[in-house]
Amino acid sequence: MTDVIATSLADVKDAVESAIAAGHRLEVRGTGSKSNLGRECNADAALDVSKMAGIVDYQPEELVMTLRAGTPMDEVEAALADARQMLAFEPPRMGRISSGPRSELQGTIGGIVAANLSGPRRLTAGATRDYLLGFEAISGRGELFKSGGRVMKNVTGYDLSKLMCGSFGTLAVMDEITLKTLPAPETSQSLLVACADFAAATKTIAQIFATPHEPGAAAILPQSIAAEEAVDTGGAFTVIIRLEGIEASVADRIANLQAMTGGETIAKPASETLWQRIRDVQPLAEKPHDLWKVSCAPSDAPRLVESLDSAMGVRFMADWAGGLLWFGASRSRDLGNRLRAVVAELDSGFAMLVRDVAVTRDEIAPFQPLPAPLFELHKRVKASFDPRGVLNYGRMHSGI
C-alpha cells in the first residue's frame, strides 16, 4: 500500500476503507514533529493529514475558533495574537525536543489535541481537553462521527472530546476541531526565589499559591540550569513564579510576593522568553540526552528527585509546581527503570520516554506499562473505534 495524502475527511474515509479491505495498517501523520512520542507504529503506509489545514471559523467576540487538524501552530498563534487572544493551555512545541531534522518542525493543532499537550499554564488554566468543544472524525471503522459543538454547554451524547485527547491517533482521525479561546493577558512578570533543596522549593510554591495573589505558573530549576538560563538566585534550586494580568494588578501582586519571599523579579520580555524555554523543555533538550517526562502529585516530586543516583549524570527540571518533571540522561535505561520503580511505589502518575537517543523504543516501552485491568479497558476502547487495528496500531501500547 502506498502512502496517502489526505485533503479532507472523505480522503481519510477512503484510505481507511481501503486499508480495511486489504488488511493493512496506517500511520497517521501530520508534520512529524511528534513522531518520537510513543512506540513506532506497525504500519504498511502513512496517512498524511498535513494538507487538511486552515482556519475554518474564528469569532474572537465569541471566544471560539474552528480549525482543520493540520493547521500549523504558527498560523494558529498568529491569528490569536492579532485578536489579542490565546489558547489558555499554552501548547508546547514538541518539535523542538525531537532529534534530527524533526527539530525544525512546528507541529499542528491536531497533533496537540491528539496528544493532549499542555504547557506551564496547565497548572491553573487546565489541559487541552478542557478547551476542546467539538470535532469531526473518521474512526478506524471508516465511519464519520461528530462530537460536541461550538459552545461550552453542549452536553448532548458522550463526551468523546475527553477520550480523543491523549489517544495519539489510535482511535480516529480528527478534523474541524473547535477550541475555546481566552483573552491574552496585558502583561506578565516572574518572581525568582532561592531554595536550599527541592522539598523546600515545592513547599515555597505551596505557600505562594495559598496567598490571594493568583500566581499562574510555577517551575523549579536546579542551580546549574538556572545559571545557564541567567536566573541563578544563589540557591541550590530556583523557584520561578509567573503572574499575568493587567499591569497595575501584576505590579501590586508581585510586590506583595516579593516582600513575602525576598525574591527577585524579571519583567515581561525576559519572563516570556524564559517561560517559552520551560514550556518547550529547551534547558534539557539542547543536550544529547534521552528525555523522560514524569507526571505525579507535586507532593511526591521530592521523592522522585531524591531517588536519583548522582552517577547517572541526570539533568532535570520541574513545571506545574513539581507535578511535571523532566529528566535527561545518557544512561537512559537505568534512569527509566528507577523512575518507573518509584512511580509504581507511589501508585500514581506515569513515566514516559519522550526522546530516545541512547536507547531505542524497542528496548524500553515509551509509555508507562498499564496494570492488567486498565490494559483490558484500553483494548475494549480500541476495539470499539478500530477493531482491525488500522490507525496507529501499537503507538501507545503493544497489541492495541
# chains A, B, ... in the order shown; residues from 1 in each chain; ligands from 1

call {"tool": "select_by_dssp", "arguments": {"residues": "region 40-162 of chain A", "states": "alpha helix (DSSP H)", "output": "list in words"}}
result
Met73, Asp74, Glu75, Val76, Glu77, Ala78, Ala79, Leu80, Ala81, Asp82, Ile109, Gly110, Gly111, Ile112, Val113, Ala114, Ala115, Arg122, Leu123, Thr124, Ala125, Leu160, Ser161 and Lys162 of chain A

call {"tool": "select_by_dssp", "arguments": {"residues": "region 336-373 of chain A", "states": "strand (DSSP E)", "output": "JSON, numbers by chain"}}
result
{"A": [350, 351, 352, 353, 354, 355]}

call {"tool": "residues_around", "arguments": {"residues": "region 339-352 of chain A", "least_positions_apart": "3", "cutoff": "12 Å", "atoms": "only C-alpha atoms", "output": "VMD selection string"}}
result
chain A and resid 36 to 39 290 to 309 314 323 to 328 332 to 336 355 to 356 361 364 to 371 396 to 397

call {"tool": "write_last_selection", "arguments": {"atoms": "C-alpha atoms", "output": "tab-separated table (two decimals), in the first residue's frame"}}
result
chain	number	residue	atom	x	y	z
A	36	ASN	CA	9.12	10.47	18.56
A	37	LEU	CA	6.28	10.25	21.10
A	38	GLY	CA	5.24	6.68	21.80
A	39	ARG	CA	6.20	3.48	20.03
A	290	ASP	CA	17.26	10.82	26.26
A	291	LEU	CA	14.34	12.73	27.77
A	292	TRP	CA	11.85	11.36	30.28
A	293	LYS	CA	8.59	13.02	31.30
A	294	VAL	CA	7.11	12.15	34.69
A	295	SER	CA	3.72	13.26	35.94
A	296	CYS	CA	2.94	12.92	39.63
A	297	ALA	CA	1.42	14.76	42.56
A	298	PRO	CA	3.65	17.75	43.45
A	299	SER	CA	3.95	16.40	46.99
A	300	ASP	CA	5.54	13.23	45.56
A	301	ALA	CA	8.05	15.05	43.37
A	302	PRO	CA	10.77	15.35	46.06
A	303	ARG	CA	10.80	11.58	46.45
A	304	LEU	CA	11.42	11.12	42.75
A	305	VAL	CA	14.24	13.64	42.78
A	306	GLU	CA	15.81	12.11	45.89
A	307	SER	CA	15.78	8.66	44.23
A	308	LEU	CA	18.25	9.73	41.56
A	309	ASP	CA	21.78	8.36	41.60
A	314	VAL	CA	20.89	13.29	35.28
A	323	GLY	CA	3.70	17.91	39.12
A	324	LEU	CA	5.56	17.65	35.79
A	325	LEU	CA	9.20	16.56	35.95
A	326	TRP	CA	11.59	16.36	33.01
A	327	PHE	CA	14.76	14.25	33.19
A	328	GLY	CA	17.63	13.97	30.74
A	332	SER	CA	18.51	6.22	29.99
A	333	ARG	CA	17.68	2.60	30.71
A	334	ASP	CA	18.92	2.91	34.31
A	335	LEU	CA	17.07	6.20	34.73
A	336	GLY	CA	13.85	4.87	33.23
A	355	ARG	CA	13.06	11.28	23.22
A	356	ASP	CA	15.35	8.31	22.68
A	361	ARG	CA	11.92	2.48	21.91
A	364	ILE	CA	12.11	0.13	26.70
A	365	ALA	CA	8.38	0.87	26.44
A	366	PRO	CA	7.89	4.64	25.95
A	367	PHE	CA	4.56	4.70	27.83
A	368	GLN	CA	4.23	3.58	31.43
A	369	PRO	CA	3.11	-0.09	31.30
A	370	LEU	CA	-0.54	-0.43	32.30
A	371	PRO	CA	-1.95	-2.67	35.04
A	396	MET	CA	0.76	3.70	22.72
A	397	HIS	CA	0.98	0.08	23.88

call {"tool": "closest_residue", "arguments": {"among": "A:Gln59, A:Asn392, A:Ser190, A:Ser330", "to": "Leu284 (chain A)", "atoms": "only C-alpha atoms"}}
result
A:Ser330

call {"tool": "residues_around", "arguments": {"residues": "Thr170 (chain A)", "least_positions_apart": "3", "cutoff": "10 Å", "atoms": "only C-alpha atoms", "output": "PDB file with N, CA and C atoms, in the first residue's frame"}}
result
ATOM      1  N   LEU A  26      -2.320   1.846   8.955  1.00  0.00           N
ATOM      2  CA  LEU A  26      -1.889   3.186   8.591  1.00  0.00           C
ATOM      3  C   LEU A  26      -1.255   3.908   9.773  1.00  0.00           C
ATOM      4  N   GLU A  27      -0.207   4.649   9.502  1.00  0.00           N
ATOM      5  CA  GLU A  27       0.355   5.566  10.492  1.00  0.00           C
ATOM      6  C   GLU A  27      -0.166   6.964  10.180  1.00  0.00           C
ATOM      7  N   VAL A  28      -0.950   7.522  11.098  1.00  0.00           N
ATOM      8  CA  VAL A  28      -1.492   8.865  10.911  1.00  0.00           C
ATOM      9  C   VAL A  28      -0.388   9.871  11.212  1.00  0.00           C
ATOM     10  N   CYS A  41       4.971   2.898  15.018  1.00  0.00           N
ATOM     11  CA  CYS A  41       3.764   2.203  14.576  1.00  0.00           C
ATOM     12  C   CYS A  41       4.104   1.008  13.679  1.00  0.00           C
ATOM     13  N   ALA A 114      -4.460  15.602  19.781  1.00  0.00           N
ATOM     14  CA  ALA A 114      -4.359  14.144  19.839  1.00  0.00           C
ATOM     15  C   ALA A 114      -3.461  13.683  20.977  1.00  0.00           C
ATOM     16  N   SER A 139     -13.432   7.175  12.179  1.00  0.00           N
ATOM     17  CA  SER A 139     -12.922   6.134  13.068  1.00  0.00           C
ATOM     18  C   SER A 139     -12.142   5.088  12.279  1.00  0.00           C
ATOM     19  N   GLY A 140     -11.532   4.151  13.014  1.00  0.00           N
ATOM     20  CA  GLY A 140     -10.833   3.054  12.371  1.00  0.00           C
ATOM     21  C   GLY A 140     -11.771   2.082  11.667  1.00  0.00           C
ATOM     22  N   MET A 164     -10.729  11.455  23.007  1.00  0.00           N
ATOM     23  CA  MET A 164      -9.826  11.649  21.874  1.00  0.00           C
ATOM     24  C   MET A 164      -8.533  12.357  22.274  1.00  0.00           C
ATOM     25  N   GLY A 166      -5.335  12.783  23.909  1.00  0.00           N
ATOM     26  CA  GLY A 166      -4.413  11.834  24.516  1.00  0.00           C
ATOM     27  C   GLY A 166      -4.503  10.444  23.925  1.00  0.00           C
ATOM     28  N   SER A 167      -5.290  10.252  22.863  1.00  0.00           N
ATOM     29  CA  SER A 167      -5.395   8.929  22.237  1.00  0.00           C
ATOM     30  C   SER A 167      -4.335   8.717  21.152  1.00  0.00           C
ATOM     31  N   VAL A 173      -9.267   9.754  13.175  1.00  0.00           N
ATOM     32  CA  VAL A 173      -8.567  10.897  12.576  1.00  0.00           C
ATOM     33  C   VAL A 173      -9.505  12.094  12.670  1.00  0.00           C
ATOM     34  N   LYS A 382     -10.221   0.551  22.117  1.00  0.00           N
ATOM     35  CA  LYS A 382      -9.624   0.449  20.783  1.00  0.00           C
ATOM     36  C   LYS A 382     -10.513  -0.384  19.871  1.00  0.00           C
ATOM     37  N   PHE A 385     -13.605   1.511  18.449  1.00  0.00           N
ATOM     38  CA  PHE A 385     -13.376   2.504  17.402  1.00  0.00           C
ATOM     39  C   PHE A 385     -12.596   1.939  16.211  1.00  0.00           C
ATOM     40  N   ASP A 386     -11.730   0.968  16.480  1.00  0.00           N
ATOM     41  CA  ASP A 386     -10.802   0.499  15.442  1.00  0.00           C
ATOM     42  C   ASP A 386     -10.542  -0.996  15.626  1.00  0.00           C
ATOM     43  N   GLY A 389      -7.456  -2.583  13.993  1.00  0.00           N
ATOM     44  CA  GLY A 389      -6.140  -2.014  14.298  1.00  0.00           C
ATOM     45  C   GLY A 389      -5.539  -1.278  13.128  1.00  0.00           C
ATOM     46  N   VAL A 390      -6.368  -0.502  12.417  1.00  0.00           N
ATOM     47  CA  VAL A 390      -5.909   0.208  11.217  1.00  0.00           C
ATOM     48  C   VAL A 390      -5.094   1.448  11.575  1.00  0.00           C
ATOM     49  N   LEU A 391      -5.506   2.192  12.611  1.00  0.00           N
ATOM     50  CA  LEU A 391      -4.916   3.500  12.907  1.00  0.00           C
ATOM     51  C   LEU A 391      -3.856   3.433  13.999  1.00  0.00           C
ATOM     52  N   ASN A 392      -2.640   3.821  13.654  1.00  0.00           N
ATOM     53  CA  ASN A 392      -1.543   3.949  14.623  1.00  0.00           C
ATOM     54  C   ASN A 392      -1.437   2.745  15.552  1.00  0.00           C
ATOM     55  N   TYR A 393      -1.523   1.567  14.969  1.00  0.00           N
ATOM     56  CA  TYR A 393      -1.503   0.333  15.762  1.00  0.00           C
ATOM     57  C   TYR A 393      -0.184   0.221  16.539  1.00  0.00           C
ATOM     58  N   GLY A 394      -0.289  -0.001  17.839  1.00  0.00           N
ATOM     59  CA  GLY A 394       0.893  -0.157  18.684  1.00  0.00           C
ATOM     60  C   GLY A 394       1.552   1.136  19.105  1.00  0.00           C
ATOM     61  N   ARG A 395       0.998   2.281  18.735  1.00  0.00           N
ATOM     62  CA  ARG A 395       1.645   3.568  19.025  1.00  0.00           C
ATOM     63  C   ARG A 395       1.773   3.787  20.531  1.00  0.00           C
ATOM     64  N   MET A 396       0.723   3.461  21.279  1.00  0.00           N
ATOM     65  CA  MET A 396       0.760   3.701  22.721  1.00  0.00           C
ATOM     66  C   MET A 396       1.236   2.465  23.494  1.00  0.00           C
ATOM     67  N   ILE A 400      -2.288  -2.894  20.750  1.00  0.00           N
ATOM     68  CA  ILE A 400      -3.530  -2.104  20.603  1.00  0.00           C
ATOM     69  C   ILE A 400      -3.244  -0.818  19.815  1.00  0.00           C
TER      70      ILE A 400
END

call {"tool": "atom_distance", "arguments": {"atom1": "CA of Asp11 (chain A)", "atom2": "CA of Leu67 (chain A)"}}
result
17.5 Å

call {"tool": "closest_residue", "arguments": {"among": "A:Ala43, A:Ala230, A:Ala206, A:Met174", "to": "Glu143 (chain A)", "atoms": "only C-alpha atoms"}}
result
A:Met174

call {"tool": "residues_around", "arguments": {"residues": "Ile278 (chain A)", "least_positions_apart": "5", "cutoff": "12 Å", "atoms": "only C-alpha atoms", "output": "ChimeraX atom specification"}}
result
/A:90-94,96-97,118-121,217-221,225-226,229,240,242,271-273,283-285,316-320,324-326

call {"tool": "closest_residue", "arguments": {"among": "A:Pro222, A:Gly111, A:Gly263, A:Pro288", "to": "Thr31 (chain A)", "atoms": "only C-alpha atoms"}}
result
A:Gly111

call {"tool": "residues_around", "arguments": {"residues": "Ala6 (chain A)", "least_positions_apart": "4", "cutoff": "8 Å", "atoms": "only C-alpha atoms", "output": "PyMOL selection string"}}
result
chain A and resi 11-12+47-52

call {"tool": "write_last_selection", "arguments": {"atoms": "C-alpha atoms", "output": "PDB file, in the first residue's frame"}}
result
ATOM      1  CA  ASP A  11      -9.995  11.110   1.642  1.00  0.00           C
ATOM      2  CA  VAL A  12      -9.380   9.718   5.122  1.00  0.00           C
ATOM      3  CA  LEU A  47      -1.790   8.678   6.119  1.00  0.00           C
ATOM      4  CA  ASP A  48      -0.538  12.246   5.767  1.00  0.00           C
ATOM      5  CA  VAL A  49      -3.097  14.784   7.080  1.00  0.00           C
ATOM      6  CA  SER A  50      -0.846  17.871   6.952  1.00  0.00           C
ATOM      7  CA  LYS A  51      -2.787  19.218   3.931  1.00  0.00           C
ATOM      8  CA  MET A  52      -6.015  19.287   5.951  1.00  0.00           C
TER       9      MET A  52
END

call {"tool": "residues_around", "arguments": {"residues": "Arg253 (chain A)", "least_positions_apart": "2", "cutoff": "10 Å", "atoms": "only C-alpha atoms", "output": "number ranges by chain"}}
result
A: 211-215, 243-244, 248-251, 255-258

call {"tool": "write_last_selection", "arguments": {"atoms": "N, CA and C atoms", "output": "tab-separated table (two decimals), in the first residue's frame"}}
result
chain	number	residue	atom	x	y	z
A	211	THR	N	-1.70	32.13	48.89
A	211	THR	CA	-1.98	33.56	49.03
A	211	THR	C	-3.08	33.97	48.05
A	212	PRO	N	-3.62	35.17	48.19
A	212	PRO	CA	-4.65	35.64	47.25
A	212	PRO	C	-4.07	36.32	46.00
A	213	HIS	N	-2.78	36.13	45.73
A	213	HIS	CA	-2.12	36.90	44.67
A	213	HIS	C	-2.15	36.22	43.30
A	214	GLU	N	-2.84	35.13	43.17
A	214	GLU	CA	-3.16	34.49	41.90
A	214	GLU	C	-1.95	34.22	41.00
A	215	PRO	N	-0.97	33.44	41.45
A	215	PRO	CA	0.11	33.02	40.55
A	215	PRO	C	-0.47	32.11	39.48
A	243	LEU	N	3.20	35.66	37.12
A	243	LEU	CA	1.93	36.35	37.34
A	243	LEU	C	1.55	37.07	36.06
A	244	GLU	N	0.26	37.00	35.72
A	244	GLU	CA	-0.24	37.61	34.49
A	244	GLU	C	-1.49	38.43	34.78
A	248	ALA	N	-1.25	47.08	36.40
A	248	ALA	CA	-1.32	47.55	37.78
A	248	ALA	C	-1.51	46.37	38.74
A	249	SER	N	-2.32	45.41	38.36
A	249	SER	CA	-2.55	44.25	39.20
A	249	SER	C	-1.30	43.40	39.35
A	250	VAL	N	-0.61	43.15	38.24
A	250	VAL	CA	0.60	42.33	38.29
A	250	VAL	C	1.66	43.00	39.16
A	251	ALA	N	1.82	44.31	39.00
A	251	ALA	CA	2.82	45.03	39.79
A	251	ALA	C	2.52	44.94	41.29
A	255	ALA	N	4.76	42.62	43.95
A	255	ALA	CA	5.40	43.35	45.06
A	255	ALA	C	5.08	42.68	46.39
A	256	ASN	N	3.85	42.25	46.56
A	256	ASN	CA	3.46	41.56	47.79
A	256	ASN	C	4.20	40.23	47.94
A	257	LEU	N	4.32	39.49	46.85
A	257	LEU	CA	5.02	38.21	46.92
A	257	LEU	C	6.53	38.41	47.12
A	258	GLN	N	7.05	39.48	46.55
A	258	GLN	CA	8.47	39.77	46.76
A	258	GLN	C	8.74	40.11	48.21

call {"tool": "closest_residue", "arguments": {"among": "A:Thr261, A:Ser188, A:Thr233, A:Ser224", "to": "Ile208 (chain A)", "atoms": "only C-alpha atoms"}}
result
A:Thr261

call {"tool": "closest_residue", "arguments": {"among": "A:Val359, A:Ala329, A:Gly399, A:Leu63", "to": "Glu376 (chain A)", "atoms": "only C-alpha atoms"}}
result
A:Gly399

call {"tool": "atom_distance", "arguments": {"atom1": "CA of Thr71 (chain A)", "atom2": "CA of Val381 (chain A)"}}
result
27.6 Å

call {"tool": "closest_residue", "arguments": {"among": "A:Ala270, A:Val76, A:Val354, A:Glu136", "to": "Lys34 (chain A)", "atoms": "only C-alpha atoms"}}
result
A:Val354
